[in-house]
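Working notes for the structure below.
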Amino acid sequence: MQKEAKARIKINDLLQNAGWRFFDDEKGNANIVLENNAKITKQAIDEFGNDFEKTKKGFIDFLLLDEKGFPFVVLEAKSEDKDPLDGKEQARRYAQSQNARFIILSNGNLHYLWDVERGNPTVIITFPTYESLKHFESFKPSFATLSEEKVESDYIVQTQNPNYQKDPRWIDETQRPDFIKEQELKFLRLYQLSAIHALQGSAKKGNDRYLFEMATGTGKTLIAGGIIKLFLKSGNAKRILFLVDRLELEDQAWKNFVRFLKNDFTCVIYKENKDDWRKAEIVVSTVQSLSFNNKYKKLFSPTDFDMIISDEAHRSIGGNSRAVFEYFVGYKLGLTATPKDYLKNIDPQKVSEKDPRAWERRQLLDTYTTFGCPSGEPTFRYSLLDGVKDGYLVNPIVADARTEITTELLSEKGYSLMVENEEGIEEEQTFFQKDFERKFFSDKTNQIFCKTFLENAIKDPISGEIGKSIIFCVSQNHASKITQTLNQFAGTLWPDKYNSDFAVQVTSNIPDSQQFPINYANNNLNGQTKWLAGYKSSKTRVCVTVGMMTTGYNCQDVMNLCLMRPIFSPTDFIQIKGRGTRKYTFSYKDADGETAKIEKDTFKLFDYFANCEYFEEKYNYDQVLKLPIKTGTGTGGGEGVDIDEVNIFNPDPLKTFSEKAVGLAGMKVDWKFFDKFESVVKNDPVVKQKYDQGDVKGAEEYVKTEIFEKPEDYFNLDKLRKSVKADRRITLKEFIEKIFGGINKFKSKDELLEDEFEKFVTIYKPESKYALPIKNYLKAYITDSEIRDIIETKEYSRFATNPKVTMKDFRELNGYREVVPEYVKDYVSINAFM
């Protein structure tokens with residue numbers, strides 16, 4: 001009885017949360033009616049008691065009506081210990097008798113939405129709203145119409161300018177190139193057409209998930225535009241969600257779709273159109289803005305979008321973001337520049353589970369599985385080498401540029417030196433590549449990095465100055481040092497050409513930094529070059545960043561990329577390398593009217609930390625640069641160096657210690673502390689601007705550097721957590737969202753655990769019989785270190801005395817015994833529950 005009652009309560013709550021109302025004689029026109037359209041009040045519903053399933057022998061459990069009072073959805077309810085799919089055929093008969101297209105199958109914990117006109121039941125974690133289902137009802141998918149739609153090279157152009165072929169400038173072949181450029185007409189290249197045709201071929205076989213693996217610079221957004229038009233025009237979608245993983249890509253995607261498709265379809269950015277996004281056919285959003293605090297469940301129903309496109313799918317559906325992607329029903333398309341075989345010559349079996357490459361490998365394999373390509377073969381593939389061979393992309397010259405110190409930092413032994421501790425005793429300390437510019441700081445090494453870059457960088461083929469370059473640093477502080485060092489060198493080498501603007505720092509803590517990459521791509525960052533009058537090239541030659549100019553940034557005339565940091569993510573490495581692969585024509589018209597044009601045929605990738613070797617063992621570098629010998633102490637040998645030249649980070653030693661007991665009510669300063677922090681943050685114009693722009697990460701960085709640990713309050717996360725008396729570790733992002741109204745409250749530990757279970761169900765879609773065992777095991781594994789230790793050590797006999805997970809519970813999990821720990825490792829931050 002208890003399981004039936006629990007199921008009833010949960011289903012009632014889910015219906016009401018989705019906006020469905022129980023029949024009420026006084027209000028009328030309700031959306032939900034029980035027992036064959038009987039006029040029953042909510043009070044009467046409660047009188048059914050716990051044994052509701054037996055009460056309805058042969059009758060419909062829930063019948064959801066449309067606004068005209070006609071049957072719309074059949075909801076077949078089962079008790080918690082039964083599989084919702086057990087009622088599938090019975091529900092189908094009910095739906096046919098009521099002429100209803102949609103069926104919901106639920107036992108209170110696991111739910112399926114079934115469009116009987118389309119295919120099989122799909123797992124959902126919330127019930128759809130009436131408005132969402134009405135939208136979905138008009139959606140008439142057909143693999144036949146999708147595969148038969150004719151797509152040629154002018155598919156996008158036909159939307160941009162349907163009459164382009166009648167224009168005299170098109171007819172005149174001598175004017176045609178200028179006409180295409182002036183009108184910004186986007187013709188699809190042969191391989192881009194092949195990608196769309198490959199999707200159509202896959203659809204013809206009945207597939208509704210697709211993956212394109214294409215190198216950076218091959219025009220994935222243009223292809224996405226073609227796919228969007230294909231689905232909308234063929235009637236296979238009425239509204240499409242385009243997910244990106246970076247704030248700057250959100251605006252970039254919106255601008256491109258407007259440019260490609262505005263004559264036929266409306267495109268909006270969700271956060272700028274929260275009230276009227278339903279009027280648009282294309283909605284663009286960052287996945288982070290939807291995934292935080294599970295906003296996607298509150299903002300959207302599972303049926304609001306008929307197709308979901310994930311840009312750089314390896315990243316935008318990684319971690320908990322995958323739950324956002326799987327929440328929606330409909331077609332799924334993933335775009336990625338990261339090939340599955342990126343770890344060349346490296347045996348995955350020999351890579352430690354804690355190695356970042358192992359984590360990314362699992363994520364990438366998950367990506368292929370998610371998009372219906374478990375074999376590892378995408379729907380369509382076009383590699384960097386394909387692009388180079390076809391003349392659309394260029395390959396880099398890769399320069400190995402290691403100092404003696406960085407060479408030792410990269411070695412298994414590390415870099416060791418004798419350092420005097422606070423007691424005046426010399427002791428040996430060892431550092432590795434991950435410690436550079438974090439625990440280990442060397443200004444001399446940074447100077448060598450910069451000097452080597454300036455001496456070996458590819459020059460601009462027109463002006464002869466340093467070609468436009470992007471340098472990737474370890475941290476914002478490191479970026480600041482490199483920027484300053486480069487400007488000092490430039491001031492000495494070219495005293496009349498720059499005014500401390502040869503290099504510019506592009507990190508989130510710099511005001512208006514989001515505009516800098518745009519200006520750089522448009523060749524007007526700090527004005528234009530002084531080297532050649534009338535030549536359109538940016539005065540600033542180097543952008544120094546950490547991660548702002550990686551994914552999706554398009555600056556075709558970049559000639560040099562510098563990796564002044566170790567990189568552990570294959571995706572980051574491929575994306576950074578991709579910033580230089582696009583072709584470009586440098587042109588200049590002199591005073592006599594003569595025009596010089598030079599094609600970009602390569603770029604240089606400076607690798608200071610053997611990143612290429614990290615991802616591809618025994619990498620054959622195109623150029624090995626001989627850097628000056630860097631001396632050091634310890635195992636590195638050499639002539640020795642003053643300790644002052646190498647700074648080691650050590651926190652201040654403890655100077656005083658005292659204890660004082662605090663009563664149960666806590667200290668007054670605790671509960672006033674958050675209020676004061678809230679006031680400081682709300683009144684800071686920089687934080688507010690970044691938050692309003694959607695740059696929550698930038699707001700976090702600013703708070704850390706400009707507000708935390710400053711006199712007189714010395715704000716920090718530990719104090720803030722204590723002040724709100726949370727039962728877990730609340731993140732800085734949550735504090736900021738709470739302050740600006742993004743969330744109403746801080747979720748408790750148990751609420752977060754329930755969220756994790758829902759995400760697990762969304763991703764793995766377990767059978768009903770495993771749902772409750774998985775929920776208990778997942779919660780225990782996340783919160784109990786002993787459970788994790790039992791699993792890691794495989795000492796399963798300890799379950800015999802464990803109160804949270806018994807041996808019987810463990811056996812009931814079947815294959816999910818291994819799946820749950822893998823899920824937690826890949827998707828869950830255990831620290832948040834401590």
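Naming works like this for the structure tokens: A, B, ... for the chains as they're shown, residue 1 at the start of each chain, ligands 1 onward in shown order.
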Give me the residues within 9 Å of A:Gln476 as a ChimeraX atom specification, counting only C-alpha atoms and dropping any in the same chain fewer than 5 places off. /A:481,505-509,545-546
Can you pull out every residue within 7 Å of A:Ala18, counting only C-alpha atoms, but drop anything in the same chain fewer than 2 positions away, and send it as a PDB file with C-alpha atoms, in the first residue's frame?
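Listing of result.pdb after writing:
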```
ATOM      1  CA  LEU A  14       4.614  16.320 -10.918  1.00  0.00           C
ATOM      2  CA  LEU A  15       1.381  17.124 -12.731  1.00  0.00           C
ATOM      3  CA  GLN A  16       0.744  20.213 -10.663  1.00  0.00           C
ATOM      4  CA  TRP A  20      -1.889  20.714 -14.961  1.00  0.00           C
ATOM      5  CA  PHE A 127       6.218  16.110 -16.874  1.00  0.00           C
ATOM      6  CA  PRO A 128       5.696  18.370 -19.922  1.00  0.00           C
ATOM      7  CA  THR A 129       3.506  21.447 -19.710  1.00  0.00           C
TER       8      THR A 129
END
```
Skip A:Arg579 itself and residues of its chain fewer than 3 positions away, then list as a PyMOL selection string all residues within 7 Å of it, counting only C-alpha atoms. chain A and resi 553-554+575-576
Need to verify the contact set: A:Leu813, 8 Å, only C-alpha atoms, exclusion of same-chain residues closer than 3 positions in sequence. Can you return it as number ranges by chain? A: 770, 773-774, 809-810, 816-817
Convert the current residue selection to file output with C-alpha atoms, as a PDB file, in the first residue's frame.
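Result file follows (part22.pdb):
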```
ATOM      1  CA  TYR A 770      17.134  -0.753 -10.740  1.00  0.00           C
ATOM      2  CA  PRO A 773      18.809   0.493  -5.661  1.00  0.00           C
ATOM      3  CA  ILE A 774      20.727   2.947  -7.861  1.00  0.00           C
ATOM      4  CA  ASP A 809      21.628  -4.041  -2.043  1.00  0.00           C
ATOM      5  CA  PHE A 810      24.942  -4.379  -3.863  1.00  0.00           C
ATOM      6  CA  TYR A 816      25.362  -0.532 -12.279  1.00  0.00           C
ATOM      7  CA  ARG A 817      27.884  -1.462  -9.562  1.00  0.00           C
TER       8      ARG A 817
END
```
Pick from A:Lys600, A:Arg788, A:Arg811, A:Lys759 nearest to A:Tyr296, counting only C-alpha atoms: A:Lys759
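Using only C-alpha atoms for every distance, the candidate list A:Tyr130, A:Phe603, A:Tyr210, A:Phe102 yields A:Tyr130 as the residue closest to A:Glu67.
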